[in-house]
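Source file: run-v4.pdb (PDB, C-alpha atoms)
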```
MODEL        1
ATOM      1  CA  MET A   1    -248.139  75.701 -44.892
ATOM      2  CA  THR A   2    -248.244  73.166 -47.737
ATOM      3  CA  ASP A   3    -245.702  70.378 -48.179
ATOM      4  CA  GLU A   4    -244.384  72.131 -51.291
ATOM      5  CA  THR A   5    -243.859  75.356 -49.359
ATOM      6  CA  LYS A   6    -242.052  73.429 -46.623
ATOM      7  CA  GLU A   7    -239.804  71.802 -49.224
ATOM      8  CA  TYR A   8    -239.092  75.228 -50.790
ATOM      9  CA  ARG A   9    -238.171  76.715 -47.407
ATOM     10  CA  LYS A  10    -236.033  73.684 -46.560
ATOM     11  CA  LEU A  11    -234.218  73.998 -49.892
ATOM     12  CA  LEU A  12    -233.654  77.735 -49.440
ATOM     13  CA  PHE A  13    -232.355  77.151 -45.922
ATOM     14  CA  GLY A  14    -229.941  74.475 -47.147
ATOM     15  CA  VAL A  15    -228.608  76.673 -49.931
ATOM     16  CA  ARG A  16    -228.091  79.598 -47.555
ATOM     17  CA  ARG A  17    -226.336  77.325 -45.054
ATOM     18  CA  SER A  18    -224.004  76.124 -47.811
ATOM     19  CA  VAL A  19    -223.121  79.733 -48.640
ATOM     20  CA  ARG A  20    -222.173  80.360 -44.999
ATOM     21  CA  TYR A  21    -220.262  77.090 -44.764
ATOM     22  CA  HIS A  22    -218.102  77.655 -47.831
ATOM     23  CA  SER A  23    -217.448  81.278 -46.871
ATOM     24  CA  ARG A  24    -216.069  80.071 -43.543
ATOM     25  CA  ARG A  25    -213.939  77.385 -45.183
ATOM     26  CA  ARG A  26    -212.504  79.962 -47.606
ATOM     27  CA  GLN A  27    -211.719  82.347 -44.747
ATOM     28  CA  HIS A  28    -209.978  79.563 -42.825
ATOM     29  CA  TYR A  29    -207.714  78.626 -45.718
ATOM     30  CA  GLU A  30    -206.916  82.262 -46.529
ATOM     31  CA  LEU A  31    -206.017  82.947 -42.899
ATOM     32  CA  PHE A  32    -203.816  79.845 -42.746
ATOM     33  CA  HIS A  33    -202.011  80.791 -45.961
ATOM     34  CA  LYS A  34    -201.435  84.395 -44.834
ATOM     35  CA  THR A  35    -200.235  83.253 -41.408
ATOM     36  CA  VAL A  36    -197.726  80.849 -42.968
ATOM     37  CA  LEU A  37    -196.439  83.560 -45.291
ATOM     38  CA  PHE A  38    -196.135  86.024 -42.408
ATOM     39  CA  LEU A  39    -194.269  83.537 -40.224
ATOM     40  CA  ALA A  40    -192.021  82.558 -43.136
ATOM     41  CA  LEU A  41    -191.093  86.193 -43.620
ATOM     42  CA  ILE A  42    -190.405  86.778 -39.928
ATOM     43  CA  LEU A  43    -188.563  83.507 -39.338
ATOM     44  CA  GLY A  44    -186.589  83.914 -42.546
ATOM     45  CA  SER A  45    -185.433  87.336 -41.327
ATOM     46  CA  VAL A  46    -184.484  85.869 -37.953
ATOM     47  CA  THR A  47    -182.466  83.161 -39.692
ATOM     48  CA  VAL A  48    -180.510  85.693 -41.732
ATOM     49  CA  ALA A  49    -179.826  87.735 -38.598
ATOM     50  CA  ALA A  50    -178.756  84.628 -36.650
ATOM     51  CA  PHE A  51    -176.270  83.563 -39.304
ATOM     52  CA  ALA A  52    -174.953  87.120 -39.602
ATOM     53  CA  GLU A  53    -174.195  87.061 -35.867
ATOM     54  CA  ALA A  54    -172.735  83.559 -35.995
ATOM     55  CA  ILE A  55    -169.136  84.705 -36.144
ATOM     56  CA  GLY A  56    -167.765  84.406 -32.609
ATOM     57  CA  ASP A  57    -171.180  83.456 -31.235
ATOM     58  CA  THR A  58    -171.446  80.596 -28.751
ATOM     59  CA  TRP A  59    -175.037  79.599 -29.521
ATOM     60  CA  ALA A  60    -175.605  76.033 -30.519
ATOM     61  CA  THR A  61    -176.021  75.436 -34.229
ATOM     62  CA  TRP A  62    -179.511  74.003 -33.800
ATOM     63  CA  VAL A  63    -180.728  77.270 -32.217
ATOM     64  CA  LYS A  64    -179.461  79.178 -35.239
ATOM     65  CA  ALA A  65    -181.035  76.704 -37.643
ATOM     66  CA  LEU A  66    -184.392  76.479 -35.855
ATOM     67  CA  PRO A  67    -186.049  79.454 -37.634
ATOM     68  CA  ALA A  68    -184.964  78.076 -41.012
ATOM     69  CA  ALA A  69    -186.341  74.661 -40.133
ATOM     70  CA  LEU A  70    -189.659  76.194 -39.035
ATOM     71  CA  VAL A  71    -189.901  78.172 -42.287
ATOM     72  CA  SER A  72    -189.312  74.990 -44.268
ATOM     73  CA  ILE A  73    -191.858  72.995 -42.271
ATOM     74  CA  LEU A  74    -194.536  75.702 -42.503
ATOM     75  CA  ALA A  75    -193.985  76.242 -46.227
ATOM     76  CA  ALA A  76    -194.129  72.482 -46.845
ATOM     77  CA  LEU A  77    -197.322  72.188 -44.793
ATOM     78  CA  ASP A  78    -198.918  75.033 -46.724
ATOM     79  CA  LEU A  79    -197.902  73.428 -49.998
ATOM     80  CA  ILE A  80    -199.155  69.968 -48.972
ATOM     81  CA  LEU A  81    -202.480  71.301 -47.676
ATOM     82  CA  GLY A  82    -202.878  73.519 -50.730
ATOM     83  CA  SER A  83    -204.542  76.237 -48.693
ATOM     84  CA  SER A  84    -204.643  78.775 -51.531
ATOM     85  CA  THR A  85    -206.197  76.210 -53.910
ATOM     86  CA  LYS A  86    -208.741  75.147 -51.294
ATOM     87  CA  SER A  87    -209.563  78.781 -50.591
ATOM     88  CA  TRP A  88    -210.292  79.311 -54.276
ATOM     89  CA  GLN A  89    -212.387  76.123 -54.408
ATOM     90  CA  HIS A  90    -214.574  77.239 -51.492
ATOM     91  CA  ALA A  91    -214.910  80.742 -52.984
ATOM     92  CA  ASP A  92    -216.177  79.136 -56.201
ATOM     93  CA  LEU A  93    -218.636  76.925 -54.292
ATOM     94  CA  THR A  94    -219.874  79.975 -52.354
ATOM     95  CA  ARG A  95    -220.488  81.818 -55.627
ATOM     96  CA  ARG A  96    -222.351  78.851 -57.120
ATOM     97  CA  PHE A  97    -224.619  78.519 -54.073
ATOM     98  CA  ILE A  98    -225.281  82.283 -54.104
ATOM     99  CA  ASP A  99    -226.244  81.997 -57.784
ATOM    100  CA  LEU A 100    -228.611  79.166 -56.840
ATOM    101  CA  GLU A 101    -230.155  81.262 -54.058
ATOM    102  CA  ARG A 102    -230.626  84.138 -56.510
ATOM    103  CA  GLU A 103    -232.362  81.781 -58.924
ATOM    104  CA  LEU A 104    -234.670  80.617 -56.122
ATOM    105  CA  GLU A 105    -235.584  84.213 -55.324
ATOM    106  CA  ILE A 106    -236.061  85.215 -58.981
ATOM    107  CA  ARG A 107    -238.287  82.223 -59.721
ATOM    108  CA  LYS A 108    -240.241  82.466 -56.454
ATOM    109  CA  GLY A 109    -243.634  82.874 -58.171
ATOM    110  CA  GLU A 110    -243.324  79.703 -60.268
ATOM    111  CA  PRO A 111    -245.212  76.535 -59.316
ATOM    112  CA  LEU A 112    -243.320  74.841 -56.510
ATOM    113  CA  ASP A 113    -244.007  71.316 -57.752
ATOM    114  CA  THR A 114    -241.611  71.924 -60.672
ATOM    115  CA  LEU A 115    -239.320  74.568 -59.148
ATOM    116  CA  VAL A 116    -238.265  72.626 -56.047
ATOM    117  CA  PRO A 117    -237.168  69.444 -57.860
ATOM    118  CA  GLU A 118    -235.314  71.462 -60.501
ATOM    119  CA  ILE A 119    -233.384  73.573 -57.966
ATOM    120  CA  THR A 120    -232.785  70.501 -55.787
ATOM    121  CA  ASP A 121    -231.183  68.817 -58.796
ATOM    122  CA  LYS A 122    -228.939  71.847 -59.368
ATOM    123  CA  ARG A 123    -227.994  71.865 -55.694
ATOM    124  CA  LEU A 124    -227.065  68.177 -55.814
ATOM    125  CA  GLU A 125    -224.983  68.839 -58.916
ATOM    126  CA  ILE A 126    -222.998  71.492 -57.037
ATOM    127  CA  GLU A 127    -222.645  69.237 -53.999
ATOM    128  CA  THR A 128    -220.991  66.530 -56.117
ATOM    129  CA  THR A 129    -217.997  68.863 -56.514
ATOM    130  CA  GLU A 130    -217.717  69.612 -52.789
ATOM    131  CA  PRO A 131    -214.909  68.222 -50.674
ATOM    132  CA  PRO A 132    -216.032  66.229 -47.610
ATOM    133  CA  VAL A 133    -218.147  68.376 -45.303
ATOM    134  CA  LEU A 134    -216.992  69.182 -41.779
ATOM    135  CA  ARG A 135    -220.171  68.349 -39.851
ATOM    136  CA  VAL A 136    -219.420  70.467 -36.787
ATOM    137  CA  LEU A 137    -218.727  73.574 -38.903
ATOM    138  CA  ASP A 138    -221.858  72.835 -40.929
ATOM    139  CA  THR A 139    -223.860  72.641 -37.678
ATOM    140  CA  ILE A 140    -222.426  75.977 -36.514
ATOM    141  CA  CYS A 141    -223.544  77.518 -39.819
ATOM    142  CA  HIS A 142    -226.943  75.849 -39.339
ATOM    143  CA  ASN A 143    -227.327  77.461 -35.905
ATOM    144  CA  GLU A 144    -226.231  80.878 -37.205
ATOM    145  CA  LEU A 145    -228.731  80.715 -40.032
ATOM    146  CA  LEU A 146    -231.544  79.716 -37.671
ATOM    147  CA  ARG A 147    -230.860  82.886 -35.679
ATOM    148  CA  ALA A 148    -230.457  85.045 -38.796
ATOM    149  CA  MET A 149    -233.747  83.856 -40.275
ATOM    150  CA  GLY A 150    -235.654  84.188 -36.999
ATOM    151  CA  TYR A 151    -236.331  80.498 -36.386
ATOM    152  CA  ASP A 152    -237.028  79.152 -32.908
ATOM    153  CA  ARG A 153    -233.788  78.723 -30.933
ATOM    154  CA  LYS A 154    -235.083  75.346 -29.726
ATOM    155  CA  GLU A 155    -234.084  73.986 -33.129
ATOM    156  CA  GLU A 156    -230.396  74.814 -32.574
ATOM    157  CA  VAL A 157    -227.943  71.979 -32.099
ATOM    158  CA  LYS A 158    -225.625  72.174 -29.093
ATOM    159  CA  VAL A 159    -221.961  72.609 -30.087
ATOM    160  CA  THR A 160    -219.276  72.543 -27.383
ATOM    161  CA  LEU A 161    -216.413  75.027 -27.099
ATOM    162  CA  ILE A 162    -213.841  72.406 -28.146
ATOM    163  CA  GLN A 163    -215.956  71.530 -31.186
ATOM    164  CA  ARG A 164    -216.170  75.228 -32.106
ATOM    165  CA  LEU A 165    -212.431  75.758 -31.789
ATOM    166  CA  CYS A 166    -211.586  72.740 -33.945
ATOM    167  CA  ALA A 167    -214.449  73.194 -36.442
ATOM    168  CA  PRO A 168    -212.460  74.885 -39.258
ATOM    169  CA  ILE A 169    -209.865  72.100 -39.181
ATOM    170  CA  CYS A 170    -211.566  68.839 -38.200
ATOM    171  CA  ASP A 171    -214.671  67.302 -36.681
ATOM    172  CA  VAL A 172    -214.526  66.553 -32.960
ATOM    173  CA  ALA A 173    -217.189  64.242 -31.528
ATOM    174  CA  GLU A 174    -219.549  64.952 -34.429
ATOM    175  CA  TRP A 175    -221.665  62.000 -33.281
ATOM    176  CA  THR A 176    -222.851  64.168 -30.358
ATOM    177  CA  LEU A 177    -224.660  66.458 -32.776
ATOM    178  CA  HIS A 178    -228.315  65.680 -33.297
ATOM    179  CA  PRO A 179    -228.927  65.665 -37.060
ATOM    180  CA  ARG A 180    -232.657  65.214 -36.616
ATOM    181  CA  ASN A 181    -232.755  68.968 -35.955
ATOM    182  CA  ILE A 182    -230.838  69.928 -39.085
ATOM    183  CA  LYS A 183    -233.024  71.412 -41.813
ATOM    184  CA  GLY A 184    -231.414  70.000 -44.939
TER     185      GLY A 184
ENDMDL
END
```
Would you encode the structure as structure tokens?
Amino acid sequence: MTDETKEYRKLLFGVRRSVRYHSRRRQHYELFHKTVLFLALILGSVTVAAFAEAIGDTWATWVKALPAALVSILAALDLILGSSTKSWQHADLTRRFIDLERELEIRKGEPLDTLVPEITDKRLEIETTEPPVLRVLDTICHNELLRAMGYDRKEEVKVTLIQRLCAPICDVAEWTLHPRNIKG
């Protein structure tokens, strides 16, 4: 395999990994937003019911107000995090990386010495609009893509259960990952 072919494969792998990564980020933000809306609906209903029963009730006021407070906190958190906006942003990045992958496939027969630098430049242009990357989630996507493309499992990076659970939200001990194994 020539160096140009290796660079092409590395570029294709990186673009495909980015598609997986941004799809996962979008799914995370959509799930968070839907969960907040669901809980706001349920807790809002509980609040109305609690105040309707308040006449002659001996419950403490804070117990009656707790669902309302939770609704307010969750709605504020959703607004501050901007989960729906971030979901849209990651959906757009996914689409742009898919378009780049399509271009790579369409132009496959072209000379690699001009194709690879041109597509690499387009990839870097897209990456300038990305929010900071969660390295653990990116590594999980890397491992998935290795399996999907039939690469040797020896190239996978070990990710702990705690890292997996926290990956959509934050990086945990990302320094334990071995980036020398990551394709690009």
Hey, can I get the axis-aligned box for segment 108-126 of chain A? All listed atoms, 4 Å padding on each side, centre and edge lengths in Å to one decimal, as JSON.
```
{"center_x": -234.1, "center_y": 75.5, "center_z": -58.2, "size_x": 30.2, "size_y": 22.7, "size_z": 13.0}
```
Can you pull out every residue within 10 Å of Asp92 of chain A, counting only C-alpha atoms, but drop anything in the same chain fewer than 5 positions away, and send it as a VMD selection string? chain A and resid 22 to 23 26 86 to 87 97 to 98
Just-selected residues, C-alpha atoms written as an mmCIF file, in the frame of the given file:
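As a result, part.cif now contains:
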```cif
data_model
loop_
_atom_site.group_PDB
_atom_site.id
_atom_site.type_symbol
_atom_site.label_atom_id
_atom_site.label_comp_id
_atom_site.auth_asym_id
_atom_site.auth_seq_id
_atom_site.Cartn_x
_atom_site.Cartn_y
_atom_site.Cartn_z
ATOM 1 C CA HIS A 22 -218.102 77.655 -47.831
ATOM 2 C CA SER A 23 -217.448 81.278 -46.871
ATOM 3 C CA ARG A 26 -212.504 79.962 -47.606
ATOM 4 C CA LYS A 86 -208.741 75.147 -51.294
ATOM 5 C CA SER A 87 -209.563 78.781 -50.591
ATOM 6 C CA PHE A 97 -224.619 78.519 -54.073
ATOM 7 C CA ILE A 98 -225.281 82.283 -54.104
#
```
List the residues selected by the PyMOL selection byres ((chain A and resi 10) around 12) in the file shown, writing them as a list in words.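 When the PyMOL selection byres ((chain A and resi 10) around 12) is applied to the shown file, the picked residues are Asp3, Glu4, Thr5, Lys6, Glu7, Tyr8, Arg9, Leu11, Leu12, Phe13, Gly14, Val15, Arg16, Arg17, Leu104, Val116, Ile119, Thr120, His142, Leu146, Ile182, Lys183 and Gly184 of chain A.
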Name the closest residue to Tyr29 of chain A among the candidates A:Glu130, A:Gly44, A:Leu81, A:Ala76; distances are taken between atoms, counting all atoms listed in the file. A:Leu81
Å distance separating atom CA of Pro168 of chain A from atom CA of Leu134 of chain A, one decimal place: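 Interatomic distance here is 7.7 Å.
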Looking at all atoms listed in the file, which of A:Phe32, A:Tyr21, A:Tyr151, A:Trp175 is the one that sits closest to Thr85 of chain A? A:Phe32
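Picture a line from atom CA of Val136 of chain A to atom CA of Ala167 of chain A; it runs 5.7 Å.
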Counting all atoms listed in the file, figure out which residue out of A:Leu165, A:Cys170, A:Val159, A:Leu41 gets nearest to Ile140 of chain A.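 Comparing A:Leu165, A:Cys170, A:Val159, A:Leu41 against Ile140 of chain A, the winner is A:Val159.
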Figure out the distance between atom CA of Arg123 of chain A and atom CA of Arg102 of chain A, please, to one decimal in Å. 12.6 Å
Point out the residue among A:Arg24, A:Ala173, A:Arg147, A:Leu79 with the least atom-to-atom distance to Leu161 of chain A, counting only C-alpha atoms.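 Checking each of A:Arg24, A:Ala173, A:Arg147, A:Leu79 against Leu161 of chain A, counting only C-alpha atoms, the winner is A:Ala173.
Between Lys34 of chain A and the candidates A:Leu115, A:Cys141, A:Ala75, A:Met149, the tightest atom-to-atom separation, counting only C-alpha atoms, involves A:Ala75.
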Applying the PyMOL selection byres ((chain A and resi 157) around 7) to the file I just gave you, which residues come out? Please list them as a list in words.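 For this structure, the PyMOL selection byres ((chain A and resi 157) around 7) resolves to Thr139, Asn143, Glu155, Glu156, Lys158, Val159, Leu177, His178 and Asn181 of chain A.
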Please list, as a PDB file with C-alpha atoms, in the coordinates of the input, the residues that have an atom at most 12 Å away from (-215.0, 67.4, -52.9) in the coordinates of this file, counting all atoms listed in the file.
```pdb
ATOM      1  CA  HIS A  22    -218.102  77.655 -47.831  1.00  0.00           C
ATOM      2  CA  LYS A  86    -208.741  75.147 -51.294  1.00  0.00           C
ATOM      3  CA  GLN A  89    -212.387  76.123 -54.408  1.00  0.00           C
ATOM      4  CA  HIS A  90    -214.574  77.239 -51.492  1.00  0.00           C
ATOM      5  CA  LEU A  93    -218.636  76.925 -54.292  1.00  0.00           C
ATOM      6  CA  GLU A 125    -224.983  68.839 -58.916  1.00  0.00           C
ATOM      7  CA  ILE A 126    -222.998  71.492 -57.037  1.00  0.00           C
ATOM      8  CA  GLU A 127    -222.645  69.237 -53.999  1.00  0.00           C
ATOM      9  CA  THR A 128    -220.991  66.530 -56.117  1.00  0.00           C
ATOM     10  CA  THR A 129    -217.997  68.863 -56.514  1.00  0.00           C
ATOM     11  CA  GLU A 130    -217.717  69.612 -52.789  1.00  0.00           C
ATOM     12  CA  PRO A 131    -214.909  68.222 -50.674  1.00  0.00           C
ATOM     13  CA  PRO A 132    -216.032  66.229 -47.610  1.00  0.00           C
ATOM     14  CA  VAL A 133    -218.147  68.376 -45.303  1.00  0.00           C
ATOM     15  CA  LEU A 134    -216.992  69.182 -41.779  1.00  0.00           C
TER      16      LEU A 134
END
```
Point out the residue among A:Glu103, A:Ala91, A:Val19, A:Leu112 with the least atom-to-atom distance to Thr2 of chain A, counting all atoms listed in the file. A:Leu112
Check which residues satisfy the PyMOL selection byres ((chain A and resi 37) around 12) in the file shown, then give them as number ranges by chain. A: 30-36, 38-44, 70-79, 83-84
